[in-house]
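Colleague: Structure supplied as start.txt; contents: compact mmCIF, N, CA and C atoms.
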```
# COMPACT_ATOMS: atom_id res chain seq x y z
N MET V 16 -2.26 -12.92 3.48
CA MET V 16 -2.58 -11.53 3.63
C MET V 16 -3.31 -11.05 2.39
N VAL V 17 -4.25 -10.19 2.56
CA VAL V 17 -4.99 -9.60 1.46
C VAL V 17 -4.76 -8.10 1.49
N ILE V 18 -4.39 -7.53 0.36
CA ILE V 18 -4.18 -6.09 0.24
C ILE V 18 -5.31 -5.53 -0.60
N LEU V 19 -6.03 -4.57 -0.05
CA LEU V 19 -7.19 -4.00 -0.73
C LEU V 19 -7.07 -2.49 -0.80
N ASP V 20 -7.71 -1.89 -1.80
CA ASP V 20 -7.74 -0.43 -1.89
C ASP V 20 -9.17 0.08 -1.98
N ASP V 21 -10.13 -0.75 -1.63
CA ASP V 21 -11.53 -0.37 -1.73
C ASP V 21 -12.24 -0.73 -0.43
N PHE V 22 -12.85 0.26 0.21
CA PHE V 22 -13.50 0.04 1.50
C PHE V 22 -14.64 -0.96 1.41
N VAL V 23 -15.44 -0.92 0.36
CA VAL V 23 -16.58 -1.84 0.21
C VAL V 23 -16.08 -3.28 0.14
N ILE V 24 -15.03 -3.50 -0.62
CA ILE V 24 -14.47 -4.85 -0.72
C ILE V 24 -13.90 -5.28 0.63
N GLN V 25 -13.27 -4.35 1.34
CA GLN V 25 -12.73 -4.68 2.65
C GLN V 25 -13.82 -5.16 3.59
N VAL V 26 -14.95 -4.49 3.62
CA VAL V 26 -16.07 -4.89 4.47
C VAL V 26 -16.55 -6.29 4.08
N SER V 27 -16.61 -6.57 2.79
CA SER V 27 -17.03 -7.90 2.32
C SER V 27 -16.08 -8.98 2.81
N PHE V 28 -14.77 -8.69 2.77
CA PHE V 28 -13.79 -9.67 3.23
C PHE V 28 -13.93 -9.93 4.72
N TYR V 29 -14.16 -8.87 5.49
CA TYR V 29 -14.36 -9.06 6.93
C TYR V 29 -15.54 -9.98 7.20
N ASP V 30 -16.59 -9.85 6.39
CA ASP V 30 -17.78 -10.67 6.58
C ASP V 30 -17.55 -12.13 6.21
N CYS V 31 -16.62 -12.40 5.31
CA CYS V 31 -16.47 -13.75 4.75
C CYS V 31 -15.25 -14.53 5.27
N PHE V 32 -14.18 -13.84 5.65
CA PHE V 32 -12.93 -14.53 5.94
C PHE V 32 -12.29 -14.03 7.22
N VAL V 33 -11.53 -14.89 7.84
CA VAL V 33 -10.65 -14.47 8.92
C VAL V 33 -9.27 -14.39 8.29
N ILE V 34 -8.82 -13.16 8.07
CA ILE V 34 -7.58 -12.96 7.33
C ILE V 34 -6.79 -11.82 7.93
N SER V 35 -5.54 -11.75 7.54
CA SER V 35 -4.72 -10.59 7.82
C SER V 35 -4.99 -9.61 6.69
N LEU V 36 -5.35 -8.40 7.03
CA LEU V 36 -5.80 -7.45 6.01
C LEU V 36 -4.97 -6.19 6.07
N PHE V 37 -4.57 -5.70 4.92
CA PHE V 37 -3.86 -4.43 4.83
C PHE V 37 -4.59 -3.58 3.80
N ALA V 38 -5.18 -2.49 4.23
CA ALA V 38 -5.91 -1.62 3.33
C ALA V 38 -5.07 -0.40 3.01
N CYS V 39 -5.03 -0.03 1.74
CA CYS V 39 -4.28 1.15 1.33
C CYS V 39 -5.21 2.02 0.49
N TRP V 40 -5.81 3.01 1.13
CA TRP V 40 -6.79 3.84 0.45
C TRP V 40 -6.20 5.06 -0.22
N HIS V 41 -4.99 5.42 0.14
CA HIS V 41 -4.41 6.66 -0.38
C HIS V 41 -3.47 6.42 -1.54
N VAL V 42 -3.57 5.29 -2.17
CA VAL V 42 -2.68 4.92 -3.25
C VAL V 42 -3.14 5.61 -4.54
N VAL V 43 -2.20 6.21 -5.26
CA VAL V 43 -2.56 6.96 -6.47
C VAL V 43 -2.22 6.20 -7.75
N GLN V 44 -1.62 5.03 -7.66
CA GLN V 44 -1.27 4.28 -8.86
C GLN V 44 -2.53 3.83 -9.60
N ASN V 45 -2.39 3.68 -10.90
CA ASN V 45 -3.52 3.29 -11.74
C ASN V 45 -3.70 1.79 -11.85
N ALA V 46 -2.64 1.03 -11.74
CA ALA V 46 -2.71 -0.42 -11.97
C ALA V 46 -2.67 -1.18 -10.65
N GLY V 47 -3.36 -2.31 -10.63
CA GLY V 47 -3.35 -3.16 -9.44
C GLY V 47 -1.95 -3.60 -9.05
N SER V 48 -1.10 -3.88 -10.03
CA SER V 48 0.27 -4.29 -9.74
C SER V 48 1.03 -3.19 -9.03
N GLU V 49 0.82 -1.95 -9.44
CA GLU V 49 1.48 -0.81 -8.80
C GLU V 49 0.98 -0.62 -7.37
N ARG V 50 -0.34 -0.79 -7.16
CA ARG V 50 -0.89 -0.66 -5.82
C ARG V 50 -0.36 -1.77 -4.91
N CYS V 51 -0.25 -2.96 -5.45
CA CYS V 51 0.28 -4.09 -4.69
C CYS V 51 1.73 -3.81 -4.29
N CYS V 52 2.51 -3.32 -5.22
CA CYS V 52 3.92 -3.00 -4.94
C CYS V 52 4.03 -1.94 -3.85
N GLU V 53 3.24 -0.88 -3.94
CA GLU V 53 3.30 0.17 -2.93
C GLU V 53 2.91 -0.37 -1.56
N ALA V 54 1.86 -1.17 -1.50
CA ALA V 54 1.43 -1.73 -0.22
C ALA V 54 2.53 -2.60 0.38
N LEU V 55 3.20 -3.40 -0.44
CA LEU V 55 4.28 -4.25 0.06
C LEU V 55 5.43 -3.41 0.59
N GLN V 56 5.74 -2.31 -0.09
CA GLN V 56 6.79 -1.42 0.39
C GLN V 56 6.43 -0.83 1.75
N LYS V 57 5.17 -0.46 1.93
CA LYS V 57 4.73 0.10 3.20
C LYS V 57 4.77 -0.94 4.32
N LEU V 58 4.55 -2.20 3.99
CA LEU V 58 4.57 -3.26 5.00
C LEU V 58 5.98 -3.53 5.51
N ARG V 59 6.96 -3.27 4.67
CA ARG V 59 8.39 -3.48 5.02
C ARG V 59 8.66 -4.91 5.48
N LYS V 60 8.06 -5.85 4.79
CA LYS V 60 8.30 -7.27 5.05
C LYS V 60 8.75 -7.91 3.75
N HIS V 61 9.43 -9.03 3.87
CA HIS V 61 9.87 -9.77 2.68
C HIS V 61 8.98 -11.00 2.50
N TYR V 62 8.53 -11.19 1.28
CA TYR V 62 7.76 -12.37 0.92
C TYR V 62 8.45 -13.04 -0.25
N ASP V 63 8.57 -14.36 -0.22
CA ASP V 63 9.19 -15.07 -1.33
C ASP V 63 8.32 -14.99 -2.58
N ILE V 64 7.00 -15.06 -2.40
CA ILE V 64 6.07 -15.03 -3.53
C ILE V 64 4.88 -14.15 -3.15
N VAL V 65 4.51 -13.28 -4.07
CA VAL V 65 3.34 -12.43 -3.90
C VAL V 65 2.39 -12.72 -5.06
N VAL V 66 1.14 -13.03 -4.75
CA VAL V 66 0.15 -13.28 -5.78
C VAL V 66 -0.79 -12.08 -5.82
N ASN V 67 -0.88 -11.45 -6.98
CA ASN V 67 -1.72 -10.28 -7.19
C ASN V 67 -2.95 -10.72 -7.96
N ILE V 68 -4.09 -10.77 -7.28
CA ILE V 68 -5.34 -11.13 -7.93
C ILE V 68 -6.08 -9.84 -8.22
N GLN V 69 -6.32 -9.59 -9.47
CA GLN V 69 -6.97 -8.35 -9.89
C GLN V 69 -8.44 -8.34 -9.46
N GLY V 70 -8.96 -7.16 -9.22
CA GLY V 70 -10.32 -7.00 -8.75
C GLY V 70 -11.37 -7.48 -9.73
N ASP V 71 -11.02 -7.57 -11.02
CA ASP V 71 -12.00 -8.04 -12.00
C ASP V 71 -12.02 -9.56 -12.12
N GLU V 72 -11.29 -10.25 -11.23
CA GLU V 72 -11.28 -11.71 -11.20
C GLU V 72 -11.59 -12.24 -9.80
N PRO V 73 -12.68 -11.79 -9.18
CA PRO V 73 -12.93 -12.20 -7.79
C PRO V 73 -13.25 -13.68 -7.63
N LEU V 74 -13.67 -14.34 -8.68
CA LEU V 74 -14.04 -15.75 -8.59
C LEU V 74 -13.00 -16.66 -9.22
N ILE V 75 -11.76 -16.20 -9.28
CA ILE V 75 -10.69 -17.01 -9.86
C ILE V 75 -10.60 -18.34 -9.11
N GLU V 76 -10.39 -19.40 -9.84
CA GLU V 76 -10.32 -20.73 -9.23
C GLU V 76 -9.03 -20.89 -8.44
N PRO V 77 -9.11 -21.44 -7.24
CA PRO V 77 -7.91 -21.63 -6.41
C PRO V 77 -6.81 -22.41 -7.12
N GLU V 78 -7.19 -23.34 -8.00
CA GLU V 78 -6.19 -24.13 -8.73
C GLU V 78 -5.34 -23.26 -9.64
N ILE V 79 -5.92 -22.19 -10.16
CA ILE V 79 -5.15 -21.27 -11.01
C ILE V 79 -4.12 -20.55 -10.17
N ILE V 80 -4.52 -20.10 -8.98
CA ILE V 80 -3.59 -19.43 -8.08
C ILE V 80 -2.47 -20.40 -7.70
N ASP V 81 -2.82 -21.64 -7.36
CA ASP V 81 -1.82 -22.65 -7.02
C ASP V 81 -0.85 -22.86 -8.18
N GLY V 82 -1.36 -22.86 -9.40
CA GLY V 82 -0.50 -23.04 -10.58
C GLY V 82 0.49 -21.90 -10.75
N VAL V 83 0.05 -20.69 -10.49
CA VAL V 83 0.96 -19.54 -10.58
C VAL V 83 2.05 -19.65 -9.51
N VAL V 84 1.66 -20.01 -8.30
CA VAL V 84 2.63 -20.16 -7.21
C VAL V 84 3.63 -21.26 -7.55
N MET V 85 3.14 -22.40 -8.04
CA MET V 85 4.04 -23.51 -8.39
C MET V 85 5.00 -23.11 -9.51
N ALA V 86 4.52 -22.35 -10.50
CA ALA V 86 5.40 -21.90 -11.58
C ALA V 86 6.51 -21.02 -11.02
N LEU V 87 6.19 -20.16 -10.08
CA LEU V 87 7.21 -19.29 -9.47
C LEU V 87 8.17 -20.10 -8.60
N GLN V 88 7.68 -21.12 -7.92
CA GLN V 88 8.55 -21.97 -7.11
C GLN V 88 9.53 -22.76 -7.97
N ARG V 89 9.09 -23.16 -9.17
CA ARG V 89 9.95 -23.93 -10.08
C ARG V 89 10.99 -23.05 -10.76
N ALA V 90 10.76 -21.76 -10.80
CA ALA V 90 11.69 -20.84 -11.48
C ALA V 90 12.03 -19.69 -10.53
N PRO V 91 12.92 -19.94 -9.56
CA PRO V 91 13.20 -18.92 -8.56
C PRO V 91 13.79 -17.62 -9.11
N ASP V 92 14.30 -17.65 -10.34
CA ASP V 92 14.83 -16.42 -10.94
C ASP V 92 13.74 -15.62 -11.66
N ALA V 93 12.53 -16.14 -11.71
CA ALA V 93 11.43 -15.45 -12.40
C ALA V 93 11.01 -14.23 -11.60
N VAL V 94 10.63 -13.19 -12.31
CA VAL V 94 10.16 -11.96 -11.68
C VAL V 94 8.66 -12.06 -11.41
N PHE V 95 7.92 -12.62 -12.36
CA PHE V 95 6.48 -12.80 -12.17
C PHE V 95 5.98 -13.92 -13.06
N SER V 96 4.76 -14.37 -12.77
CA SER V 96 4.11 -15.41 -13.56
C SER V 96 2.68 -14.98 -13.79
N THR V 97 2.19 -15.20 -14.97
CA THR V 97 0.82 -14.84 -15.32
C THR V 97 0.07 -16.08 -15.77
N ALA V 98 -1.12 -16.26 -15.24
CA ALA V 98 -1.93 -17.40 -15.65
C ALA V 98 -2.54 -17.11 -17.02
N ALA V 99 -2.51 -18.10 -17.90
CA ALA V 99 -3.12 -17.96 -19.22
C ALA V 99 -3.79 -19.29 -19.57
N THR V 100 -4.90 -19.20 -20.28
CA THR V 100 -5.62 -20.40 -20.72
C THR V 100 -5.87 -20.28 -22.22
N ALA V 101 -6.27 -21.39 -22.81
CA ALA V 101 -6.58 -21.38 -24.24
C ALA V 101 -7.78 -20.45 -24.49
N LEU V 102 -7.73 -19.75 -25.61
CA LEU V 102 -8.80 -18.81 -25.97
C LEU V 102 -10.01 -19.57 -26.50
N LYS V 103 -11.15 -19.27 -25.92
CA LYS V 103 -12.40 -19.85 -26.40
C LYS V 103 -12.89 -19.02 -27.58
N PRO V 104 -13.42 -19.66 -28.64
CA PRO V 104 -13.88 -18.92 -29.82
C PRO V 104 -14.84 -17.78 -29.49
N ASP V 105 -15.72 -17.98 -28.52
CA ASP V 105 -16.68 -16.94 -28.15
C ASP V 105 -16.02 -15.70 -27.57
N ASP V 106 -14.79 -15.85 -27.06
CA ASP V 106 -14.09 -14.74 -26.42
C ASP V 106 -13.13 -14.01 -27.35
N ALA V 107 -13.01 -14.47 -28.58
CA ALA V 107 -11.99 -13.92 -29.49
C ALA V 107 -12.10 -12.41 -29.68
N PHE V 108 -13.28 -11.88 -29.81
CA PHE V 108 -13.45 -10.45 -30.07
C PHE V 108 -13.77 -9.65 -28.81
N ASP V 109 -13.77 -10.31 -27.66
CA ASP V 109 -14.07 -9.64 -26.39
C ASP V 109 -12.82 -8.90 -25.90
N THR V 110 -12.89 -7.56 -25.89
CA THR V 110 -11.72 -6.78 -25.46
C THR V 110 -11.49 -6.87 -23.95
N ASN V 111 -12.43 -7.45 -23.21
CA ASN V 111 -12.21 -7.68 -21.78
C ASN V 111 -11.37 -8.93 -21.53
N ARG V 112 -11.19 -9.73 -22.56
CA ARG V 112 -10.35 -10.93 -22.48
C ARG V 112 -8.99 -10.62 -23.07
N VAL V 113 -7.97 -10.65 -22.23
CA VAL V 113 -6.62 -10.38 -22.70
C VAL V 113 -6.08 -11.63 -23.37
N LYS V 114 -5.56 -11.44 -24.58
CA LYS V 114 -4.97 -12.55 -25.32
C LYS V 114 -3.47 -12.57 -25.08
N CYS V 115 -2.88 -13.76 -25.10
CA CYS V 115 -1.46 -13.92 -24.80
C CYS V 115 -0.81 -14.84 -25.83
N VAL V 116 0.34 -14.43 -26.32
CA VAL V 116 1.16 -15.27 -27.19
C VAL V 116 2.34 -15.76 -26.36
N VAL V 117 2.59 -17.07 -26.40
CA VAL V 117 3.71 -17.64 -25.64
C VAL V 117 4.73 -18.26 -26.59
N ASP V 118 5.96 -18.37 -26.11
CA ASP V 118 7.00 -19.02 -26.92
C ASP V 118 6.98 -20.52 -26.67
N ASN V 119 7.95 -21.25 -27.22
CA ASN V 119 7.98 -22.71 -27.12
C ASN V 119 8.14 -23.21 -25.69
N GLN V 120 8.68 -22.37 -24.80
CA GLN V 120 8.85 -22.77 -23.40
C GLN V 120 7.66 -22.34 -22.54
N GLY V 121 6.65 -21.69 -23.14
CA GLY V 121 5.49 -21.25 -22.39
C GLY V 121 5.62 -19.86 -21.79
N TYR V 122 6.70 -19.14 -22.16
CA TYR V 122 6.88 -17.78 -21.65
C TYR V 122 6.07 -16.80 -22.49
N ALA V 123 5.37 -15.91 -21.81
CA ALA V 123 4.57 -14.90 -22.52
C ALA V 123 5.49 -13.93 -23.24
N ILE V 124 5.15 -13.64 -24.50
CA ILE V 124 5.94 -12.68 -25.25
C ILE V 124 5.11 -11.49 -25.74
N TYR V 125 3.77 -11.61 -25.65
CA TYR V 125 2.93 -10.53 -26.14
C TYR V 125 1.54 -10.65 -25.54
N PHE V 126 0.99 -9.51 -25.13
CA PHE V 126 -0.38 -9.45 -24.62
C PHE V 126 -1.17 -8.44 -25.44
N SER V 127 -2.46 -8.71 -25.65
CA SER V 127 -3.30 -7.78 -26.39
C SER V 127 -4.76 -8.00 -26.01
N ARG V 128 -5.53 -6.92 -26.01
CA ARG V 128 -6.97 -7.05 -25.82
C ARG V 128 -7.66 -7.33 -27.16
N GLY V 129 -6.96 -7.06 -28.25
CA GLY V 129 -7.48 -7.36 -29.57
C GLY V 129 -6.99 -8.72 -30.04
N LEU V 130 -7.50 -9.15 -31.18
CA LEU V 130 -7.02 -10.41 -31.75
C LEU V 130 -5.55 -10.28 -32.11
N ILE V 131 -4.86 -11.40 -32.10
CA ILE V 131 -3.44 -11.42 -32.47
C ILE V 131 -3.30 -12.34 -33.67
N PRO V 132 -2.77 -11.90 -34.79
CA PRO V 132 -2.41 -10.51 -35.08
C PRO V 132 -3.67 -9.65 -35.29
N PHE V 133 -3.50 -8.36 -35.08
CA PHE V 133 -4.61 -7.42 -35.21
C PHE V 133 -4.29 -6.39 -36.28
N ASN V 134 -5.17 -6.24 -37.25
CA ASN V 134 -4.95 -5.28 -38.33
C ASN V 134 -5.63 -3.96 -37.95
N LYS V 135 -4.81 -2.95 -37.66
CA LYS V 135 -5.37 -1.66 -37.27
C LYS V 135 -5.88 -0.91 -38.47
```
Represent the structure from my file as structure tokens, please.

Modeller:
Amino acid sequence: MVILDDFVIQVSFYDCFVISLFACWHVVQNAGSERCCEALQKLRKHYDIVVNIQGDEPLIEPEIIDGVVMALQRAPDAVFSTAATALKPDDAFDTNRVKCVVDNQGYAIYFSRGLIPFNK
């Protein structure tokens, strides 16, 4: 199932895929995660795993999505999983690239659009 909040994107999906589609145009939340949560509440269905692909990542590689799903399957008590990759030097100062610090087990402990550590 694909949950969308943009009519133009919905039309594009109809042209490209045969999918189950749920459009929510009246959502007032600011974040994609909040919109996804509201749409799921309106559907009144239970899903073991929900993958939220943000609109600014339309070309995300399917293997990354599979990795997130597998991480959630391996840790049934997990609330969510976020894909992270090693930072490329060219992206270090790009505020559109979110940086992530993980602990020894690979759990995210801090996110930032700036360098970590960042001197304000």

Colleague: Can you report as AutoDock Vina command-line options the centre and edge lengths in Å, to one decimal, of an axis-aligned box around the listed atoms of segment 98-102 of chain V padded with 8 Å on each side?

Modeller:
```
--center_x -5.6 --center_y -18.8 --center_z -20.9 --size_x 24.9 --size_y 21.1 --size_z 27.3
```

Colleague: Report the distance between atom C of Phe126 of chain V and atom CA of Val113 of chain V in Å, rounded to one decimal place.

Modeller: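 These atoms are spaced 6.4 Å apart.
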
Colleague: How far is it from atom N of Ile79 of chain V to atom N of Leu55 of chain V, in Å with one decimal?

Modeller: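 Going from atom N of Ile79 of chain V over to atom N of Leu55 of chain V covers 23.0 Å.
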
Colleague: Quote the spacing between atom N of Gln88 of chain V and atom N of Lys114 of chain V in Å to one decimal place.

Modeller: 23.4 Å

Colleague: Going by DSSP on the backbone, which bits of segment 38-126 of chain V are helix (DSSP H, G or I)? Write them as JSON, numbers by chain, please.

Modeller: {"V": [47, 48, 49, 50, 51, 52, 53, 54, 55, 56, 57, 58, 77, 78, 79, 80, 81, 82, 83, 84, 85, 86, 87, 88, 89, 104, 105, 106]}
